[in-house]
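Okay, structure first, notes after.
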Number of protein chains: 2
Amino acid sequence: MKLKIKNFRFLSGKPVCIIHENTAKKMSLHVANRVSIKNKNGRKIISVVDNSTGFLEPNEIAVSDEIIEILGLHDKDKVDVTISDRPDSIELIKKKLKGKTLSKKEITNIIEDIANNTLTEVEVAFFISAVYVHEMNLNETKYLIDAMVNSGNHMNLKGKIVDKHCIGGIAGNRTTPIVVSICAEAGLIMPKTSSRAITSAAGTADAIETIAKVDFSIKKIKKIIKKTNACFVWGGSLGLAPVDDKIIKIEKVVNIDSTAQLLASILSKKISVGSKYILIDIPYGKSAKVTKHEGEILRQKFIKLGKKFKIEIAVMLTDGSEPIGNGIGPALEIMDVIKVLKDQTGPKDLEEKSLLLAGKILEISGKSKKGEGIKLASSILYSGKAFGKFKQIIKAQKGKIKEIREPDFFYNINSEKNSKIKHLDNILINHLARHAGCPEDKLAGVYLHKKKNDAVKKGDEIMTIYATTKEKLEYAKKFYKENMKEMILFY
Amino acid sequence: MKLKIKNFRFLSGKPVCIIHENTAKKMSLHVANRVSIKNKNGRKIISVVDNSTGFLEPNEIAVSDEIIEILGLHDKDKVDVTISDRPDSIELIKKKLKGKTLSKKEITNIIEDIANNTLTEVEVAFFISAVYVHEMNLNETKYLIDAMVNSGNHMNLKGKIVDKHCIGGIAGNRTTPIVVSICAEAGLIMPKTSSRAITSAAGTADAIETIAKVDFSIKKIKKIIKKTNACFVWGGSLGLAPVDDKIIKIEKVVNIDSTAQLLASILSKKISVGSKYILIDIPYGKSAKVTKHEGEILRQKFIKLGKKFKIEIAVMLTDGSEPIGNGIGPALEIMDVIKVLKDQTGPKDLEEKSLLLAGKILEISGKSKKGEGIKLASSILYSGKAFGKFKQIIKAQKGKIKEIREPDFFYNINSEKNSKIKHLDNILINHLARHAGCPEDKLAGVYLHKKKNDAVKKGDEIMTIYATTKEKLEYAKKFYKENMKEMILFY
């Protein structure tokens with residue numbers, strides 16, 4: 001049926017349309033059924049239907065902004081609306097719910113239907129549950145990654161393309177800008193796309209954004225990489241494996257994450273940018289995301305998948321029991337990074353870990369002999385060349401190295417006794433920084449004056465909370481006081 | 001934040017609201033977040049948020065008709081809108097997804113949150129998946145039923161309240177009106193609420209609706225029962241265990257049905273009307289819903305749950321391999337029923353099965369001695385008293401017994417050989433009736449002239465398809481021709 005677009009601009013997070021009750025009746029459509037909407041160029045999108053009698057004429061259709069954008073529609077455009085059949089992929093989701101193994105064709109079918117919005121969020125939730133409960137074997141995981149990569153954009157770069165990824169969960173730990181600067185200076189191509197913080201105090205994109213732009217088109221990114229060998233950009237708007245973003249959005253509802261989905265999420269992005277050498281950092285330990293044992297299982301899966309994709313994947317299990325670096329929060333972290341790069345006056349644990357990771361990438365990519373990666377990485381860092389590369393990339397991203405002012409509100413947490421720090425809790429310190437305003441308030445966060453095994457005297461500053469408003473500082477202080485006993489342990 | 005209702009009448013199948021983009025920003029609300037909307041009487045509902053800049057002022061909120069109705073709102077009413085926290089029940093759903101057992105308190109929490117729309121459809125989908133994959137033990141199932149019953153309306157009737165339920169799947173098989181008439185005449189209270197057809201050709205409510213009204217308020221139903229001991233009404237609008245309806249709606253998306261959910265769905269409705277004696281009919285066999293073995297497992301669960309609820313539950317496993325009765329479709333089925341009741345000139349298999357079920361109910365409720373139920377049921381039927389009771393109930397439901405005219409379009413399916421009928425397929429014959437227009441077209445359907453083991457000569461009529469339009473008849477004929485080989489088997 002031909003209907004006329006009534007554009008009243010609403011955003012629903014998914015394709016939704018509203019049609020007149022009488023039109024729905026004529027088409028035998030019920031609420032929450034799905035229709036296919038086709039524009040004059042024949043481009044189609046599947047949408048869920050709401051009914052209305054209040055503000056639409058029978059020959060009109062209102063569609064959410066998601067549809068306006070994808071189909072390039074304008075007010076009063078004509079579209080062709082037809083009932084959409086129940087997609088076959090629903091039966092495949094049911095098959096997985098029953099615990100059966102899916103074939104390549106079946107997984108591809110599901111992922112394509114998620115990509116083009118043929119499946120509703122409820123149906124995707126059933127798929128996520130099925131994969132979470134029954135897991136996927138290695139072949140299924142490979143098919144999942146293949147299908148995700150095929151659903152999105154690709155970077156098509158030349159050269160030895162390397163990448164790194166950390167599974168996260170550690171406060172501070174902003175190694176990426178340092179590692180990328182060293183590797184790019186060594187001649188490797190490192191198209192680093194990062195996320196913004198979801199549950200942590202800052203993502204690499206949030207941190208870099210305090211001194212440069214991070215939101216570029218793929219075309220612009222390729223120019224930046226051509227000039228500098230690397231980039232630090234936000235991956236969110238590039239359309240790399242976009243199905244992954246859709247799945248994550250629904251997974252977040254219940255905060256579950258199957259191993260297959262974790263592997264697919266990481267590798268689909270890396271393969272989309274063409275990486276041939278990938279280093280995965282898995283921090284384990286007390287208050288980290290995984291135990292050493294879980295990390296070991298994950299490592300083996302990464303290695304096996306690497307072989308299937310003919311990609312060199314190295315996995316390092318690193319100590320994730322304590323925060324890395326002193327600053328936690330976008331600006332505080334980037335200041336640590338600059339100090340390490342500029343004259344190695346930054347946190348030593350951040351410097352050492354960055355050299356370890358960079359060294360490993362130099363080794364697997366053949367830029368150094370085995371066992372000599374750290375030496376090469378160190379020489380690039382200590383010579384100041386890594387800092388030069390960092391400045392070059394930041395400049396290409398329309399930024400510059402600058403002093404970042406301290407925010408107006410702060411609160412010092414002082415030791416109440418003479419003792420020694422036994423443990424700082426990653427999860428609680430992350431939460432503390434979030435309460436202070438991270439990641440939205442880029443200047444906010446937590447600065448650690450002391451780390452594990454440091455001696456403290458009564459009255460010594462252990463950490464400082466920074467906030468941009470008095471209210472947020474109070475909010476963070478309250479959180480600290482409620483959790484102080486678990487946040488900082490003494491010997 | 002106080003916002004003003006802009007009522008532009010849209011139906012979404014769930015509570016949805018649209019607020020202005022700037023207001024969303026001010027409240028730190030994102031698309032697909034949830035808010036609590038409170039009316040001036042303090043009544044609250046949880047709603048999912050869409051954003052708009054196109055047709056709303058920043059101080060306005062548009063809400064779906066579901067919210068208008070529940071909160072009793074009018075255009076320009078003021079409501080109080082606040083961000084709704086992530087409900088604790090999400091963690092409980094996650095717990096079940098991990099395969100853990102839930103406590104009474106936890107299940108109650110989830111069901112209450114589904115009842116008051118605190119959980120979104122995506123979250124309910126995760127719960128359904130979890131219960132489907134990990135099943136529920138008998139205690140969990142009891143808690144689920146308790147919580148469902150508590151979430152809805154109750155009937156509060158006096159007397160010996162009995163009920164029956166068939167798990168469905170058999171074409172024809174309209175025993176309910178006959179069984180209810182016999183039991184009510186014997187002095188039992190039988191508040192029969194039925195569904196409309198979902199995937200079959202007719203539900204009891206669809207069939208009764210061809211000669212009487214079926215949609216009454218609980219108050220009116222109690223009056224009908226006071227006068228006649230029984231009713232045949234549609235349960236859909238009574239608010240009996242309404243959570244069940246919400247869960248079924250989402251289950252239908254992937255057509256899964258866990259045993260726990262099946263048990264809860266049936267028993268929550270029966271307990272809500274106060275039934276103390278319940279007969280469950282489980283047809284099994286070729287082209288039925290369950291095998292004999294599956295039926296047996298189900299029987300044991302029903303019996304155990306009956307003990308937990310201190311309710312007498314009897315379960316009969318009946319032969320469900322062939323259709324029961326001759327008519328399939330609302331009007332065709334009610335004609336079979338009337339013939340059985342009036343002078344026993346209807347289908348013998350329908351008569352016999354009805355007497356079997358009625359006899360069992362008379363026995364478990366103590367109206368007859370064990371082993372003598374069928375005798376008593378038969379005497380009530382053969383004396384004409386059951387038909388008298390049926391007419392009384394139909395009259396109380398503002399209907400009357402009438403001849404139903406045949407629809408204008410029909411097509412006879414004749415035997416192509418001299419043989420004997422070996423099997424008529426329930427599923428395919430149901431589909432055939434649906435293609436002919438059932439259940440919306442009440443006169444449409446299929447009439448079986450021959451049943452299993454009947455001899456046929458070449459040219460004999462085996463069945464007739466009835467439709468109200470030529471198009472639908474052609475559609476059904478096409479379906480028959482594509483499936484005839486599986487639909488009718490010969491010896």
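Naming works like this for the structure tokens: A, B, ... for the chains as they're shown, residue 1 at the start of each chain, ligands 1 onward in shown order.
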
Residues of chain A within 9 Å of chain B, counting only C-alpha atoms, as an MDAnalysis selection string: chainID A and resid 7:13 18 20:21 31:32 49:55 90:91 93:94 97:99 121:126 128:130 132:134 250 253:256

Which of region 272-306 of chain A fall in alpha helix (DSSP H), as a list in words: Ser272, Lys292, His293, Glu294, Gly295, Glu296, Ile297, Leu298, Arg299, Gln300, Lys301, Phe302, Ile303, Lys304, Leu305 and Gly306 of chain A

Between CA of Met190 (chain B) and CA of Asn229 (chain B), distance in Å (one decimal):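 We find that CA of Met190 (chain B) and CA of Asn229 (chain B) lie 6.3 Å from each other.
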
Nearby residues (only C-alpha atoms) at most 10 Å from Ile413 (chain A), same-chain spacing under 3 positions excluded, as JSON, numbers by chain: {"A": [410, 416, 448, 449, 459, 460, 461, 462, 463, 464, 465, 477, 480, 484]}

Of the listed residues B:Ala377, B:Ala186, B:Ile421, B:Met27, that which approaches Ser354 (chain B) most closely, counting only C-alpha atoms: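 Checking each candidate against Ser354 (chain B), we get B:Ala377 as the closest.
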
Separation of CA of Ile280 (chain A) from CA of Lys160 (chain A) in Å: 17.2 Å
